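K.L.:
File run.txt follows (compact mmCIF, C-alpha atoms and all ligand atoms):
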```
# COMPACT_ATOMS: atom_id res chain seq x y z
CA MET A 3 0.00 0.00 0.00
CA GLY A 4 1.27 3.46 -0.85
CA THR A 5 2.47 5.78 1.86
CA PRO A 6 2.51 9.55 1.75
CA ALA A 7 6.23 9.28 0.97
CA ASP A 8 5.31 7.47 -2.28
CA ALA A 9 2.93 10.20 -3.36
CA PRO A 10 4.09 12.08 -6.48
CA PRO A 11 5.45 15.54 -5.67
CA ARG A 12 2.84 18.19 -6.14
CA ARG A 13 3.34 20.85 -8.75
CA PRO A 14 1.58 24.04 -9.78
CA PHE A 15 -1.18 24.16 -12.38
CA VAL A 16 0.89 24.81 -15.51
CA TRP A 17 -0.54 26.98 -18.29
CA VAL A 18 1.54 27.10 -21.47
CA ASN A 19 0.94 30.07 -23.76
CA CYS A 20 2.58 31.24 -26.95
CA ALA A 21 1.91 33.13 -30.16
CA ALA A 22 2.71 31.38 -33.41
CA SER A 23 2.47 31.89 -37.14
CA LEU A 24 0.14 29.65 -39.14
CA ASP A 25 3.12 27.37 -39.82
CA GLY A 26 3.85 27.09 -36.12
CA ARG A 27 6.86 29.45 -35.80
CA LEU A 28 7.49 31.50 -32.69
CA ALA A 29 9.87 34.04 -34.24
CA TYR A 30 11.65 35.00 -37.48
CA ALA A 31 14.78 33.42 -38.96
CA GLY A 32 17.43 32.62 -36.36
CA GLY A 33 15.06 33.50 -33.52
CA THR A 34 14.66 37.22 -34.19
CA ARG A 35 11.70 38.33 -32.11
CA ALA A 36 8.35 38.49 -33.91
CA HIS A 37 5.48 40.48 -32.46
CA LEU A 38 2.81 38.02 -33.54
CA SER A 39 0.06 38.96 -31.09
CA GLY A 40 -2.39 41.65 -32.15
CA PRO A 41 -3.76 44.17 -29.62
CA GLU A 42 -6.62 41.90 -28.52
CA ASP A 43 -4.26 39.00 -27.90
CA LEU A 44 -1.86 41.19 -25.93
CA VAL A 45 -4.71 41.95 -23.53
CA ARG A 46 -5.50 38.21 -23.24
CA VAL A 47 -1.84 37.47 -22.44
CA GLN A 48 -1.70 40.23 -19.81
CA ARG A 49 -4.82 38.77 -18.17
CA LEU A 50 -3.18 35.35 -18.08
CA ARG A 51 -0.05 36.87 -16.53
CA ALA A 52 -2.08 38.77 -13.96
CA ASN A 53 -3.87 35.55 -12.98
CA SER A 54 -0.59 33.66 -12.51
CA ASP A 55 1.66 33.36 -9.48
CA ALA A 56 4.71 33.07 -11.72
CA ILE A 57 5.79 33.40 -15.36
CA LEU A 58 8.53 31.12 -16.70
CA VAL A 59 10.80 31.34 -19.76
CA GLY A 60 14.10 29.78 -20.83
CA VAL A 61 17.39 31.65 -20.96
CA GLY A 62 17.20 31.49 -24.79
CA THR A 63 14.24 33.87 -24.66
CA ILE A 64 16.11 36.17 -22.28
CA LEU A 65 19.08 36.27 -24.67
CA LYS A 66 16.93 36.91 -27.77
CA ASP A 67 14.10 39.10 -26.46
CA ASP A 68 15.17 40.48 -23.05
CA PRO A 69 11.51 40.49 -21.86
CA SER A 70 10.49 42.28 -18.67
CA LEU A 71 7.94 39.52 -17.85
CA ARG A 72 5.81 42.07 -16.01
CA VAL A 73 2.07 42.58 -16.10
CA HIS A 74 1.26 45.64 -18.22
CA TRP A 75 -1.66 46.84 -16.12
CA ASP A 76 -2.26 49.76 -18.47
CA LEU A 77 -3.32 47.30 -21.19
CA LEU A 78 -5.83 45.83 -18.74
CA GLY A 79 -7.07 49.29 -17.77
CA GLU A 80 -6.43 48.47 -14.12
CA PRO A 81 -4.25 49.93 -11.37
CA PRO A 82 -1.09 47.92 -10.72
CA GLY A 83 -1.76 44.76 -8.70
CA ARG A 84 0.33 41.88 -7.43
CA SER A 85 3.36 41.06 -9.61
CA PRO A 86 3.84 37.42 -10.58
CA THR A 87 7.30 36.01 -9.85
CA ARG A 88 9.57 35.83 -12.89
CA ILE A 89 11.34 32.50 -13.42
CA VAL A 90 14.20 31.79 -15.82
CA LEU A 91 15.51 28.30 -16.65
CA ASP A 92 19.24 28.87 -16.85
CA SER A 93 21.33 25.75 -16.11
CA GLU A 94 24.72 27.46 -16.48
CA GLY A 95 23.92 31.00 -15.37
CA ARG A 96 24.01 32.63 -18.82
CA THR A 97 21.47 35.35 -18.09
CA PRO A 98 23.22 38.64 -19.02
CA HIS A 99 23.99 40.99 -16.12
CA GLY A 100 21.92 43.78 -17.66
CA ALA A 101 18.87 41.61 -18.42
CA LYS A 102 15.54 43.21 -17.46
CA VAL A 103 14.62 40.17 -15.35
CA LEU A 104 17.55 40.98 -13.05
CA ASP A 105 16.48 44.60 -12.46
CA GLY A 106 15.17 43.85 -8.96
CA THR A 107 11.77 45.44 -9.55
CA THR A 108 9.78 42.20 -9.32
CA PRO A 109 10.36 38.93 -7.44
CA THR A 110 12.59 36.78 -9.64
CA ILE A 111 13.85 33.20 -9.48
CA VAL A 112 16.65 31.84 -11.66
CA ALA A 113 16.61 28.05 -11.79
CA THR A 114 20.09 26.65 -12.37
CA SER A 115 21.87 23.29 -12.24
CA GLU A 116 24.85 22.19 -10.19
CA ARG A 117 26.99 23.22 -13.17
CA SER A 118 26.39 26.91 -12.54
CA THR A 119 28.92 28.93 -10.53
CA ARG A 120 27.15 32.20 -11.29
CA THR A 121 26.12 34.53 -8.50
CA PHE A 122 23.07 36.73 -8.91
CA PRO A 123 22.02 40.06 -7.36
CA THR A 124 20.58 39.66 -3.86
CA SER A 125 17.13 40.51 -5.21
CA VAL A 126 17.18 37.26 -7.22
CA HIS A 127 16.47 33.88 -5.65
CA ALA A 128 18.50 31.07 -7.23
CA ILE A 129 17.17 27.51 -7.08
CA VAL A 130 19.54 24.69 -7.97
CA ALA A 131 17.41 21.94 -9.52
CA GLY A 132 19.28 19.25 -11.43
CA ARG A 133 22.87 18.16 -12.00
CA THR A 134 23.61 19.38 -15.52
CA ARG A 135 20.31 20.85 -16.67
CA VAL A 136 17.29 22.22 -14.86
CA ASP A 137 15.13 19.24 -13.86
CA LEU A 138 11.58 20.45 -14.41
CA GLU A 139 9.90 18.00 -12.03
CA VAL A 140 12.29 18.93 -9.22
CA LEU A 141 11.85 22.64 -9.95
CA PHE A 142 8.05 22.48 -10.15
CA ALA A 143 7.91 20.65 -6.80
CA ARG A 144 10.11 23.36 -5.27
CA LEU A 145 7.92 26.09 -6.73
CA TYR A 146 4.85 24.40 -5.27
CA GLU A 147 6.55 24.32 -1.85
CA ARG A 148 7.13 28.07 -2.22
CA GLY A 149 3.41 28.65 -2.68
CA ILE A 150 3.32 28.94 -6.47
CA ARG A 151 0.05 27.35 -7.57
CA ARG A 152 -0.49 28.84 -11.04
CA LEU A 153 2.51 28.84 -13.32
CA MET A 154 2.41 30.39 -16.78
CA VAL A 155 5.03 29.15 -19.25
CA GLU A 156 5.73 31.55 -22.13
CA GLY A 157 8.51 29.77 -24.03
CA GLY A 158 10.65 29.60 -25.95
CA ALA A 159 10.89 26.68 -28.32
CA GLU A 160 13.17 24.41 -26.23
CA VAL A 161 11.34 25.00 -23.00
CA LEU A 162 7.98 24.34 -24.64
CA SER A 163 9.35 21.09 -26.08
CA SER A 164 10.61 19.92 -22.67
CA ILE A 165 7.39 20.74 -20.87
CA ILE A 166 5.07 19.35 -23.54
CA ARG A 167 7.08 16.13 -24.02
CA ALA A 168 7.17 15.52 -20.27
CA GLY A 169 3.43 16.17 -20.05
CA LEU A 170 4.08 18.74 -17.34
CA PHE A 171 1.24 21.05 -18.32
CA ASP A 172 -2.48 21.34 -17.76
CA ARG A 173 -3.55 23.87 -20.38
CA MET A 174 -1.95 25.14 -23.55
CA THR A 175 -3.17 28.19 -25.44
CA ILE A 176 -1.73 29.08 -28.80
CA TYR A 177 -2.57 32.31 -30.58
CA TYR A 178 -2.27 31.68 -34.31
CA ALA A 179 -1.49 34.91 -36.16
CA PRO A 180 -2.66 35.14 -39.78
CA VAL A 181 0.85 35.02 -41.23
CA VAL A 182 3.24 32.38 -42.58
CA ILE A 183 6.91 32.79 -41.60
CA GLY A 184 8.46 29.74 -43.28
CA GLY A 185 12.18 29.07 -43.70
CA ALA A 186 14.36 26.59 -41.85
CA SER A 187 15.75 28.52 -38.89
CA ALA A 188 12.64 30.20 -37.49
CA PRO A 189 12.00 28.45 -34.14
CA PRO A 190 9.01 26.08 -34.09
CA ILE A 191 6.55 25.82 -31.19
CA ALA A 192 8.50 22.81 -29.84
CA ARG A 193 12.21 22.36 -30.65
CA GLY A 194 13.73 19.27 -29.09
CA PRO A 195 14.16 15.53 -29.54
CA GLU A 196 12.77 14.06 -32.77
CA SER A 197 9.54 12.07 -32.76
CA ARG A 198 10.19 8.87 -34.75
CA GLY A 199 6.61 7.66 -34.56
CA PRO A 200 3.24 8.27 -32.92
CA GLU A 201 4.40 6.72 -29.63
CA GLU A 202 6.87 9.59 -29.21
CA THR A 203 4.34 12.35 -29.85
CA ARG A 204 2.19 14.08 -27.24
CA ALA A 205 -1.53 13.97 -27.97
CA VAL A 206 -3.73 16.78 -26.71
CA ASP A 207 -7.44 17.48 -26.71
CA LEU A 208 -8.81 20.64 -28.25
CA VAL A 209 -10.98 22.18 -25.55
CA GLY A 210 -11.57 25.65 -26.94
CA LEU A 211 -11.37 27.71 -30.11
CA GLU A 212 -11.95 31.44 -30.22
CA ARG A 213 -11.41 34.23 -32.72
CA VAL A 214 -9.21 36.91 -31.16
CA GLY A 215 -8.68 40.00 -33.29
CA GLU A 216 -7.31 38.92 -36.66
CA GLY A 217 -6.19 35.51 -35.41
CA TYR A 218 -7.55 32.72 -33.26
CA VAL A 219 -6.69 31.08 -29.96
CA ALA A 220 -6.80 27.32 -29.64
CA THR A 221 -6.89 25.86 -26.13
CA TYR A 222 -5.65 22.32 -25.46
CA ALA A 223 -5.50 19.96 -22.49
CA PRO A 224 -3.19 16.95 -22.25
CA ARG A 225 -5.06 13.85 -23.39
CA THR A 226 -3.84 11.70 -20.53
CA GLY A 227 -5.18 14.04 -17.87
CA SER A 228 -3.21 15.96 -15.31
CA MET A 229 -1.51 14.99 -12.08
CA ALA A 230 -1.75 18.55 -10.87
CA PRO A 231 -4.59 19.95 -8.79
CA GLN A 232 -6.94 22.43 -10.42
CA PRO A 233 -6.12 25.98 -9.31
N1 LIG B 301 5.99 33.72 -29.90
C1 LIG B 301 6.07 33.49 -28.59
O1 LIG B 301 5.04 33.35 -27.91
C2 LIG B 301 7.42 33.36 -27.95
C3 LIG B 301 7.53 33.30 -26.56
C4 LIG B 301 8.80 33.14 -26.01
C5 LIG B 301 9.91 33.05 -26.83
N2 LIG B 301 9.76 33.13 -28.17
C6 LIG B 301 10.93 32.97 -29.06
O2 LIG B 301 11.56 31.75 -28.76
C7 LIG B 301 12.95 31.87 -29.10
C8 LIG B 301 13.75 31.37 -27.92
O3 LIG B 301 13.56 29.98 -27.82
P1 LIG B 301 14.79 29.02 -27.52
O4 LIG B 301 14.35 27.64 -27.79
O5 LIG B 301 16.00 29.54 -28.22
O6 LIG B 301 15.07 29.30 -25.99
P2 LIG B 301 14.22 28.99 -24.68
O7 LIG B 301 13.32 27.83 -24.88
O8 LIG B 301 13.66 30.26 -24.19
O9 LIG B 301 15.40 28.60 -23.68
C9 LIG B 301 16.08 27.39 -23.91
C10 LIG B 301 17.19 27.24 -22.90
O10 LIG B 301 16.65 27.07 -21.60
C11 LIG B 301 17.59 26.33 -20.85
N3 LIG B 301 16.97 25.24 -20.13
C12 LIG B 301 17.29 24.88 -18.86
N4 LIG B 301 16.63 23.81 -18.49
C13 LIG B 301 15.84 23.45 -19.53
C14 LIG B 301 14.93 22.40 -19.72
N5 LIG B 301 14.67 21.50 -18.77
N6 LIG B 301 14.32 22.30 -20.91
C15 LIG B 301 14.56 23.20 -21.89
N7 LIG B 301 15.41 24.23 -21.76
C16 LIG B 301 16.07 24.36 -20.58
C17 LIG B 301 18.60 25.76 -21.84
O11 LIG B 301 19.81 26.47 -21.72
P3 LIG B 301 20.86 26.02 -20.56
O12 LIG B 301 21.09 24.55 -20.77
O13 LIG B 301 22.02 26.88 -20.77
O14 LIG B 301 20.13 26.29 -19.30
C18 LIG B 301 17.99 26.01 -23.18
O15 LIG B 301 18.95 26.23 -24.20
C19 LIG B 301 13.21 33.32 -29.41
O16 LIG B 301 13.29 33.46 -30.80
C20 LIG B 301 11.98 34.03 -28.88
O17 LIG B 301 11.69 35.19 -29.62
C21 LIG B 301 8.55 33.30 -28.75
```
In structure tokens, write the structure found in this file.
Ligand SMILES: NC(=O)c1ccc[n+]([C@@H]2O[C@H](COP(=O)([O-])OP(=O)(O)OC[C@H]3O[C@@H](n4cnc5c(N)ncnc54)[C@H](OP(=O)(O)O)[C@@H]3O)[C@@H](O)[C@H]2O)c1
P.N.:
Amino acid sequence: MGTPADAPPRRPFVWVNCAASLDGRLAYAGGTRAHLSGPEDLVRVQRLRANSDAILVGVGTILKDDPSLRVHWDLLGEPPGRSPTRIVLDSEGRTPHGAKVLDGTTPTIVATSERSTRTFPTSVHAIVAGRTRVDLEVLFARLYERGIRRLMVEGGAEVLSSIIRAGLFDRMTIYYAPVVIGGASAPPIARGPESRGPEETRAVDLVGLERVGEGYVATYAPRTGSMAPQP
């Protein structure tokens, strides 16, 4: 019989969100940032951020886009409220010193591995999770222990691949902009290990479809169900 010690570690409710072209690209050639969301979708994304305890991206997104990962309350027409914690997956500590996420204005966590010798400003909380690369299950359990119940994952391509492949998400919303980017080097929604057959793919259920501005938002849930509690 199982004991509490056997129980799987709890993790936050994980909501993956991204904006893609019709051919499933997150950015232009070589990863140059693309502003794919129209004004209506920007408001939807800000609402998702505002409803989250934390917003997570990979260090690749920090290096390419230098996002602030803040809630833009002006777009919501609301006075500033609680700021979600910013989280960066950065196994080796490659986040540039001048990156906006290190500006100390909002609670920030950098998740590293044992490989990292980097020190961060005192305003940043570093979590070592994993030996050579950030172990998502370990990290998510630690985030849950810290009170993070709703986690929004914004990308980029490698992080989305890791989270989707591992089935570590509960909802996925993709805004499809009415544009085709094409080419070979524009990052896809999920960039990671190859799928050699259907057994290596991740099936999802379409649970919502909505026109948003000039594009549409498709909402998916993992087909196998979720181990995480509902928020
Ligand atoms: N359209 C959108 O909605 C959207 C949103 C976000 C980003 N983007 C685009 O996405 C592109 C960046 O994507 P990217 O794939 O280069 O970078 P990324 O997914 O943001 O970050 C990838 C990096 O995260 C680190 N990492 C640590 N642990 C990981 C884990 N368990 N799984 C996966 N990654 C882990 C790895 O570096 P270390 O091993 O060094 O830690 C990895 O190289 C940019 O072009 C950006 O504009 C688009």
K.L.:
Neighbouring residues of ligand LIG 301 (chain B) are defined here as those with any atom at most 6 Å from a ligand atom, counting only C-alpha atoms and all ligand atoms; list them as a PyMOL selection string.
P.N.:
chain A and resi 20-22+28-29+33-35+59-63+66-67+91-94+135-138+156-161+164
K.L.:
Quick one: pull the distance between CA of Gly199 (chain A) and CA of Arg225 (chain A), Å, one decimal.
P.N.:
17.3 Å
K.L.:
Mind giving me the straight-line distance from CA of Arg144 (chain A) to CA of Arg13 (chain A) in Å, one decimal?
P.N.:
8.0 Å
K.L.:
When you draw a straight line from CA of Arg198 (chain A) to CA of Ala223 (chain A), how long is it in Å?
P.N.:
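Taking CA of Arg198 (chain A) and CA of Ala223 (chain A), their separation equals 22.8 Å.
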K.L.:
List the neighbours of region 100-107 of chain A out to 7 Å using only C-alpha atoms; skip same-chain residues closer than 6 positions along the sequence, and give me the result as number ranges by chain.
P.N.:
A: 68-70, 125-126
K.L.:
Please determine, counting all atoms listed in the file, which residue among A:Pro41, A:Gly149, A:Pro86, A:Pro200 has the shortest atom-to-atom distance to Asn53 (chain A).
P.N.:
A:Pro86
K.L.:
Rank A:Leu58, A:Ala186, A:Ile166, A:Leu44 by their smallest atom-to-atom distance to Leu145 (chain A), using only C-alpha atoms, and report the top residue only.
P.N.:
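So, comparing all the options, the nearest one is A:Leu58.
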K.L.:
Could you tell me which of A:Thr110, A:Thr121, A:Thr221, A:Ser115 comes closest to Thr134 (chain A) if we count all atoms listed in the file?
P.N.:
A:Ser115
K.L.:
Could you write out as lines of an AutoDock Vina configuration file the box around region 22-32 of chain A (axis-aligned, all atoms listed in the file, 8 Å on each side), with centre and edge lengths in Å to one decimal?
P.N.:
```
center_x = 8.8
center_y = 31.0
center_z = -36.3
size_x = 33.3
size_y = 23.9
size_z = 23.1
```
K.L.:
Given only C-alpha atoms as the basis, pick out the residue of A:Ala31, A:Val16, A:Ala168, A:Ala128 nearest to Ser187 (chain A).
P.N.:
A:Ala31
K.L.:
Which of these residues is nearest to Leu50 (chain A), using all atoms listed in the file: A:Thr119, A:Thr203, A:Thr175, A:Ser197?
P.N.:
A:Thr175
K.L.:
List the neighbours of Gly217 (chain A) out to 8 Å using only C-alpha atoms; skip same-chain residues closer than 4 positions along the sequence, and give me the result as a PDB file with C-alpha atoms, in the frame of the given file.
P.N.:
```pdb
ATOM      1  CA  GLY A  40      -2.390  41.650 -32.150  1.00  0.00           C
ATOM      2  CA  TYR A 177      -2.570  32.310 -30.580  1.00  0.00           C
ATOM      3  CA  TYR A 178      -2.270  31.680 -34.310  1.00  0.00           C
ATOM      4  CA  ALA A 179      -1.490  34.910 -36.160  1.00  0.00           C
ATOM      5  CA  PRO A 180      -2.660  35.140 -39.780  1.00  0.00           C
ATOM      6  CA  ARG A 213     -11.410  34.230 -32.720  1.00  0.00           C
TER       7      ARG A 213
END
```
K.L.:
Please determine, counting only C-alpha atoms, which residue among A:Leu141, A:Ala36, A:Val45, A:Ala220 has the shortest atom-to-atom distance to Val181 (chain A).
P.N.:
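Ranked by minimum distance to Val181 (chain A), first place goes to A:Ala36.
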K.L.:
I want to know what sits within 12 Å of Trp17 (chain A), based on only C-alpha atoms, with residues of the same chain fewer than 5 positions away left out; could you give that as a tab-separated table (two decimals) with C-alpha atoms, in the coordinates of the input?
P.N.:
```tsv
chain	number	residue	atom	x	y	z
A	47	VAL	CA	-1.84	37.47	-22.44
A	50	LEU	CA	-3.18	35.35	-18.08
A	51	ARG	CA	-0.05	36.87	-16.53
A	53	ASN	CA	-3.87	35.55	-12.98
A	54	SER	CA	-0.59	33.66	-12.51
A	55	ASP	CA	1.66	33.36	-9.48
A	56	ALA	CA	4.71	33.07	-11.72
A	57	ILE	CA	5.79	33.40	-15.36
A	58	LEU	CA	8.53	31.12	-16.70
A	151	ARG	CA	0.05	27.35	-7.57
A	152	ARG	CA	-0.49	28.84	-11.04
A	153	LEU	CA	2.51	28.84	-13.32
A	154	MET	CA	2.41	30.39	-16.78
A	155	VAL	CA	5.03	29.15	-19.25
A	156	GLU	CA	5.73	31.55	-22.13
A	157	GLY	CA	8.51	29.77	-24.03
A	162	LEU	CA	7.98	24.34	-24.64
A	165	ILE	CA	7.39	20.74	-20.87
A	166	ILE	CA	5.07	19.35	-23.54
A	169	GLY	CA	3.43	16.17	-20.05
A	170	LEU	CA	4.08	18.74	-17.34
A	171	PHE	CA	1.24	21.05	-18.32
A	172	ASP	CA	-2.48	21.34	-17.76
A	173	ARG	CA	-3.55	23.87	-20.38
A	174	MET	CA	-1.95	25.14	-23.55
A	175	THR	CA	-3.17	28.19	-25.44
A	176	ILE	CA	-1.73	29.08	-28.80
A	221	THR	CA	-6.89	25.86	-26.13
A	222	TYR	CA	-5.65	22.32	-25.46
A	223	ALA	CA	-5.50	19.96	-22.49
A	224	PRO	CA	-3.19	16.95	-22.25
A	228	SER	CA	-3.21	15.96	-15.31
A	230	ALA	CA	-1.75	18.55	-10.87
A	232	GLN	CA	-6.94	22.43	-10.42
A	233	PRO	CA	-6.12	25.98	-9.31
```
K.L.:
For the structure just given, write the atoms of region 45-55 of chain A, namely all heavy atoms, as a CSV table (one decimal), in the first residue's frame.
P.N.:
```csv
chain,number,residue,atom,x,y,z
A,45,VAL,N,-3.9,41.8,-24.7
A,45,VAL,CA,-4.7,41.9,-23.5
A,45,VAL,C,-5.0,40.6,-22.9
A,45,VAL,O,-4.9,40.4,-21.7
A,45,VAL,CB,-6.0,42.6,-23.9
A,45,VAL,CG1,-7.0,42.6,-22.7
A,45,VAL,CG2,-5.8,44.1,-24.3
A,46,ARG,N,-5.3,39.6,-23.7
A,46,ARG,CA,-5.5,38.2,-23.2
A,46,ARG,C,-4.3,37.7,-22.5
A,46,ARG,O,-4.4,37.1,-21.4
A,46,ARG,CB,-5.8,37.3,-24.4
A,46,ARG,CG,-6.2,35.8,-24.0
A,46,ARG,CD,-6.2,34.9,-25.2
A,46,ARG,NE,-5.0,34.8,-25.9
A,46,ARG,CZ,-4.0,34.0,-25.6
A,46,ARG,NH1,-4.2,33.1,-24.5
A,46,ARG,NH2,-2.9,33.9,-26.2
A,47,VAL,N,-3.1,37.9,-23.1
A,47,VAL,CA,-1.8,37.5,-22.4
A,47,VAL,C,-1.6,38.2,-21.1
A,47,VAL,O,-1.2,37.6,-20.1
A,47,VAL,CB,-0.6,37.7,-23.4
A,47,VAL,CG1,0.7,37.4,-22.7
A,47,VAL,CG2,-0.8,36.8,-24.6
A,48,GLN,N,-1.9,39.5,-21.1
A,48,GLN,CA,-1.7,40.2,-19.8
A,48,GLN,C,-2.7,39.7,-18.7
A,48,GLN,O,-2.3,39.6,-17.6
A,48,GLN,CB,-1.9,41.7,-20.0
A,48,GLN,CG,-0.9,42.4,-20.9
A,48,GLN,CD,0.6,42.0,-20.5
A,48,GLN,OE1,0.9,42.2,-19.3
A,48,GLN,NE2,1.4,41.6,-21.4
A,49,ARG,N,-3.9,39.3,-19.1
A,49,ARG,CA,-4.8,38.8,-18.2
A,49,ARG,C,-4.3,37.4,-17.6
A,49,ARG,O,-4.4,37.2,-16.4
A,49,ARG,CB,-6.2,38.6,-18.9
A,49,ARG,CG,-7.3,38.0,-18.0
A,49,ARG,CD,-7.6,38.8,-16.7
A,49,ARG,NE,-8.1,40.1,-17.0
A,49,ARG,CZ,-8.0,41.1,-16.1
A,49,ARG,NH1,-7.4,40.9,-14.9
A,49,ARG,NH2,-8.4,42.3,-16.4
A,50,LEU,N,-3.7,36.6,-18.5
A,50,LEU,CA,-3.2,35.3,-18.1
A,50,LEU,C,-2.0,35.6,-17.1
A,50,LEU,O,-1.9,34.9,-16.1
A,50,LEU,CB,-2.6,34.6,-19.3
A,50,LEU,CG,-3.4,33.5,-19.9
A,50,LEU,CD1,-2.7,32.9,-21.1
A,50,LEU,CD2,-3.7,32.4,-18.9
A,51,ARG,N,-1.2,36.6,-17.4
A,51,ARG,CA,-0.1,36.9,-16.5
A,51,ARG,C,-0.6,37.3,-15.2
A,51,ARG,O,-0.1,36.9,-14.1
A,51,ARG,CB,0.8,38.0,-17.1
A,51,ARG,CG,1.7,37.5,-18.2
A,51,ARG,CD,2.7,38.7,-18.6
A,51,ARG,NE,3.6,38.3,-19.7
A,51,ARG,CZ,4.6,39.0,-20.1
A,51,ARG,NH1,4.7,40.3,-19.7
A,51,ARG,NH2,5.4,38.6,-21.1
A,52,ALA,N,-1.6,38.2,-15.2
A,52,ALA,CA,-2.1,38.8,-14.0
A,52,ALA,C,-2.7,37.7,-13.1
A,52,ALA,O,-2.7,37.8,-11.9
A,52,ALA,CB,-3.1,39.9,-14.3
A,53,ASN,N,-3.2,36.6,-13.7
A,53,ASN,CA,-3.9,35.6,-13.0
A,53,ASN,C,-2.9,34.5,-12.5
A,53,ASN,O,-3.3,33.4,-12.0
A,53,ASN,CB,-5.0,34.9,-13.8
A,53,ASN,CG,-6.2,35.8,-14.0
A,53,ASN,OD1,-6.3,36.8,-13.2
A,53,ASN,ND2,-7.0,35.5,-15.0
A,54,SER,N,-1.6,34.7,-12.8
A,54,SER,CA,-0.6,33.7,-12.5
A,54,SER,C,0.2,34.1,-11.3
A,54,SER,O,0.4,35.3,-11.0
A,54,SER,CB,0.4,33.5,-13.7
A,54,SER,OG,-0.4,33.1,-14.9
A,55,ASP,N,0.7,33.1,-10.6
A,55,ASP,CA,1.7,33.4,-9.5
A,55,ASP,C,3.1,33.6,-10.0
A,55,ASP,O,3.9,34.2,-9.3
A,55,ASP,CB,1.7,32.2,-8.5
A,55,ASP,CG,0.3,32.0,-7.8
A,55,ASP,OD1,-0.3,33.0,-7.5
A,55,ASP,OD2,-0.1,30.8,-7.7
```
